[in-house]
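Structure file run_27.pdb (PDB, C-alpha atoms) follows.
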ATOM      1  CA  MET A   1      11.511 -16.170  -0.711  1.00  0.00           C
ATOM      2  CA  LYS A   2       9.641 -12.902  -0.191  1.00  0.00           C
ATOM      3  CA  LYS A   3       7.225 -11.553  -2.762  1.00  0.00           C
ATOM      4  CA  MET A   4       5.883  -8.050  -3.258  1.00  0.00           C
ATOM      5  CA  ILE A   5       2.223  -7.675  -4.109  1.00  0.00           C
ATOM      6  CA  MET A   6       1.144  -4.362  -5.564  1.00  0.00           C
ATOM      7  CA  ALA A   7      -2.621  -3.952  -5.822  1.00  0.00           C
ATOM      8  CA  VAL A   8      -4.312  -0.987  -7.480  1.00  0.00           C
ATOM      9  CA  ILE A   9      -7.780  -0.692  -5.971  1.00  0.00           C
ATOM     10  CA  PRO A  10     -10.629   1.768  -6.570  1.00  0.00           C
ATOM     11  CA  ARG A  11     -10.665   4.405  -3.835  1.00  0.00           C
ATOM     12  CA  ASP A  12     -14.152   3.537  -2.624  1.00  0.00           C
ATOM     13  CA  GLU A  13     -13.125  -0.082  -1.973  1.00  0.00           C
ATOM     14  CA  ALA A  14      -9.714   0.547  -0.381  1.00  0.00           C
ATOM     15  CA  GLU A  15     -10.802   0.738   3.277  1.00  0.00           C
ATOM     16  CA  GLN A  16     -12.675  -2.534   2.958  1.00  0.00           C
ATOM     17  CA  VAL A  17      -9.617  -4.256   1.462  1.00  0.00           C
ATOM     18  CA  LEU A  18      -7.236  -2.795   4.055  1.00  0.00           C
ATOM     19  CA  ASP A  19      -9.509  -3.918   6.908  1.00  0.00           C
ATOM     20  CA  ALA A  20      -9.725  -7.429   5.456  1.00  0.00           C
ATOM     21  CA  LEU A  21      -5.933  -7.635   5.064  1.00  0.00           C
ATOM     22  CA  ILE A  22      -5.367  -6.500   8.648  1.00  0.00           C
ATOM     23  CA  ASN A  23      -7.969  -8.969   9.948  1.00  0.00           C
ATOM     24  CA  ALA A  24      -6.134 -11.717   8.034  1.00  0.00           C
ATOM     25  CA  GLY A  25      -2.867 -10.749   9.748  1.00  0.00           C
ATOM     26  CA  HIS A  26      -1.176  -8.809   6.963  1.00  0.00           C
ATOM     27  CA  THR A  27       0.018  -5.230   6.760  1.00  0.00           C
ATOM     28  CA  ALA A  28       0.158  -2.943   3.765  1.00  0.00           C
ATOM     29  CA  THR A  29       1.723   0.328   2.818  1.00  0.00           C
ATOM     30  CA  PHE A  30      -0.548   2.371   0.607  1.00  0.00           C
ATOM     31  CA  SER A  31      -0.601   5.539  -1.376  1.00  0.00           C
ATOM     32  CA  GLU A  32      -3.382   7.414  -3.120  1.00  0.00           C
ATOM     33  CA  THR A  33      -2.788   7.431  -6.851  1.00  0.00           C
ATOM     34  CA  LYS A  34      -4.559   8.766  -9.915  1.00  0.00           C
ATOM     35  CA  GLY A  35      -4.403   7.396 -13.389  1.00  0.00           C
ATOM     36  CA  GLY A  36      -6.181   5.997 -16.363  1.00  0.00           C
ATOM     37  CA  MET A  37      -8.092   7.797 -19.017  1.00  0.00           C
ATOM     38  CA  LEU A  38     -10.489   9.417 -16.538  1.00  0.00           C
ATOM     39  CA  ARG A  39      -7.796  10.236 -13.941  1.00  0.00           C
ATOM     40  CA  GLN A  40      -9.819   8.475 -11.282  1.00  0.00           C
ATOM     41  CA  SER A  41      -8.477   8.129  -7.776  1.00  0.00           C
ATOM     42  CA  GLN A  42      -7.244   4.730  -6.602  1.00  0.00           C
ATOM     43  CA  TYR A  43      -5.181   3.378  -3.773  1.00  0.00           C
ATOM     44  CA  THR A  44      -2.027   1.449  -4.530  1.00  0.00           C
ATOM     45  CA  LEU A  45      -1.218  -1.102  -1.835  1.00  0.00           C
ATOM     46  CA  PHE A  46       2.202  -2.667  -1.321  1.00  0.00           C
ATOM     47  CA  ILE A  47       2.211  -5.925   0.639  1.00  0.00           C
ATOM     48  CA  ALA A  48       5.405  -7.905   1.294  1.00  0.00           C
ATOM     49  CA  VAL A  49       4.737 -11.578   2.082  1.00  0.00           C
ATOM     50  CA  GLU A  50       6.365 -14.971   2.056  1.00  0.00           C
ATOM     51  CA  GLU A  51       5.806 -16.857  -1.186  1.00  0.00           C
ATOM     52  CA  SER A  52       3.494 -19.295   0.611  1.00  0.00           C
ATOM     53  CA  GLU A  53       1.144 -16.416   1.554  1.00  0.00           C
ATOM     54  CA  VAL A  54       0.672 -14.936  -1.934  1.00  0.00           C
ATOM     55  CA  ASP A  55      -2.469 -16.905  -2.819  1.00  0.00           C
ATOM     56  CA  LYS A  56      -4.060 -16.142   0.563  1.00  0.00           C
ATOM     57  CA  VAL A  57      -3.443 -12.407   0.205  1.00  0.00           C
ATOM     58  CA  CYS A  58      -4.746 -12.394  -3.365  1.00  0.00           C
ATOM     59  CA  GLN A  59      -7.890 -14.199  -2.203  1.00  0.00           C
ATOM     60  CA  VAL A  60      -8.446 -11.570   0.527  1.00  0.00           C
ATOM     61  CA  ILE A  61      -8.061  -8.796  -2.049  1.00  0.00           C
ATOM     62  CA  GLN A  62     -10.354 -10.502  -4.542  1.00  0.00           C
ATOM     63  CA  SER A  63     -13.107 -11.238  -2.054  1.00  0.00           C
ATOM     64  CA  SER A  64     -12.936  -7.763  -0.488  1.00  0.00           C
ATOM     65  CA  CYS A  65     -13.006  -5.504  -3.495  1.00  0.00           C
ATOM     66  CA  THR A  66     -15.804  -6.785  -5.678  1.00  0.00           C
ATOM     67  CA  GLN A  67     -19.482  -6.649  -5.013  1.00  0.00           C
ATOM     68  CA  SER A  68     -22.628  -7.923  -6.636  1.00  0.00           C
ATOM     69  CA  VAL A  69     -25.051  -5.323  -7.911  1.00  0.00           C
ATOM     70  CA  PRO A  70     -28.568  -5.980  -9.182  1.00  0.00           C
ATOM     71  CA  LEU A  71     -29.146  -5.569 -12.897  1.00  0.00           C
ATOM     72  CA  ASP A  72     -32.054  -3.672 -14.348  1.00  0.00           C
ATOM     73  CA  ASP A  73     -34.741  -5.777 -16.036  1.00  0.00           C
ATOM     74  CA  GLU A  74     -33.651  -5.030 -19.606  1.00  0.00           C
ATOM     75  CA  LEU A  75     -30.002  -5.866 -19.027  1.00  0.00           C
ATOM     76  CA  GLU A  76     -30.886  -8.922 -16.980  1.00  0.00           C
ATOM     77  CA  SER A  77     -32.942 -10.360 -19.855  1.00  0.00           C
ATOM     78  CA  GLU A  78     -30.055  -9.743 -22.277  1.00  0.00           C
ATOM     79  CA  LEU A  79     -27.689 -11.643 -19.958  1.00  0.00           C
ATOM     80  CA  ASN A  80     -29.993 -14.660 -19.572  1.00  0.00           C
ATOM     81  CA  ASN A  81     -31.463 -13.772 -16.176  1.00  0.00           C
ATOM     82  CA  VAL A  82     -28.242 -13.845 -14.139  1.00  0.00           C
ATOM     83  CA  GLY A  83     -29.774 -11.386 -11.638  1.00  0.00           C
ATOM     84  CA  SER A  84     -26.595  -9.542 -10.654  1.00  0.00           C
ATOM     85  CA  ALA A  85     -23.136  -8.645 -11.888  1.00  0.00           C
ATOM     86  CA  ARG A  86     -19.798  -8.413 -10.098  1.00  0.00           C
ATOM     87  CA  VAL A  87     -18.239  -4.956 -10.267  1.00  0.00           C
ATOM     88  CA  GLY A  88     -15.096  -3.384  -8.919  1.00  0.00           C
ATOM     89  CA  GLY A  89     -11.881  -5.229  -8.513  1.00  0.00           C
ATOM     90  CA  ALA A  90      -8.175  -4.734  -8.331  1.00  0.00           C
ATOM     91  CA  ILE A  91      -5.225  -4.934 -10.645  1.00  0.00           C
ATOM     92  CA  VAL A  92      -2.555  -7.024  -8.906  1.00  0.00           C
ATOM     93  CA  PHE A  93       1.156  -7.276  -9.735  1.00  0.00           C
ATOM     94  CA  ILE A  94       3.460  -9.757  -7.990  1.00  0.00           C
ATOM     95  CA  TRP A  95       7.235  -9.894  -8.138  1.00  0.00           C
ATOM     96  CA  GLU A  96      10.142 -11.383  -6.237  1.00  0.00           C
ATOM     97  CA  ILE A  97      12.000  -9.259  -3.731  1.00  0.00           C
ATOM     98  CA  ALA A  98      15.684  -9.691  -4.483  1.00  0.00           C
ATOM     99  CA  LYS A  99      16.954  -7.656  -1.573  1.00  0.00           C
ATOM    100  CA  VAL A 100      15.600  -5.701   1.378  1.00  0.00           C
ATOM    101  CA  GLU A 101      17.662  -3.054   3.149  1.00  0.00           C
ATOM    102  CA  THR A 102      16.826  -0.703   5.969  1.00  0.00           C
ATOM    103  CA  TYR A 103      18.777   2.517   6.435  1.00  0.00           C
TER     104      TYR A 103
END
For this file, produce the structure as structure tokens.
Amino acid sequence: MKKMIMAVIPRDEAEQVLDALINAGHTATFSETKGGMLRQSQYTLFIAVEESEVDKVCQVIQSSCTQSVPLDDELESELNNVGSARVGGAIVFIWEIAKVETY
């Protein structure tokens, strides 16, 4: 059964995610969107895959759209010397495709 993955990704991370998806053999349709309280720009990606590929695609998205950033000394001491924090990320929705038609 086919699944549709919709991922909302921060604009500055979208190219990196798209490149990683293409390198992994997947395609995506995307659109620039704005939303949230600050009306920030994001990309919304639509990726149709077989059910068996969902976890692989989600892993590509997850590993491509977060990054570690160093913490300043004060914050690092408050967080027990972790050294860095992961920032960024995507919101991912997955649903079944009941029917596909081409006109």
When the PyMOL selection byres ((chain A and resi 62-65) around 12) is applied to the structure above, which residues does it catch, written out as a PyMOL selection string? chain A and resi 7-24+43+55-61+66-68+86-92
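Pairwise distance (CA of Ala48 in chain A, CA of Val100 in chain A) equals 10.4 Å.
Distance annotation: of A:Met6, A:Gly35, A:Gly25, A:Tyr103, the residue with the minimal separation from Ile47 in chain A is A:Met6; atom set is only C-alpha atoms.
CA of Ile5 in chain A sits 13.6 Å away from CA of Ala98 in chain A.
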Just the number, please: distance in Å from CA of Thr29 in chain A to CA of Phe93 in chain A, one decimal.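 Separation of CA of Thr29 in chain A and CA of Phe93 in chain A: 14.7 Å.
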Restricting the calculation to all atoms listed in the file, which member of A:Ile94, A:Lys99, A:Glu51, A:His26 is positioned closest to Met1 in chain A?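 Ranked by minimum distance to Met1 in chain A, first place goes to A:Glu51.
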Which one of A:Thr44, A:Met4, A:Ser31, A:Glu53 sits closest to Ile97 in chain A if you count only C-alpha atoms?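 Among A:Thr44, A:Met4, A:Ser31, A:Glu53, it is A:Met4 that comes nearest to Ile97 in chain A.
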Let me have the centre and edge lengths in Å, one decimal, of the box along x, y and z around every listed atom of range 9-25 of chain A with 4 Å of margin on each side, as JSON.
{"center_x": -8.5, "center_y": -3.7, "center_z": 1.7, "size_x": 19.3, "size_y": 24.1, "size_z": 24.5}
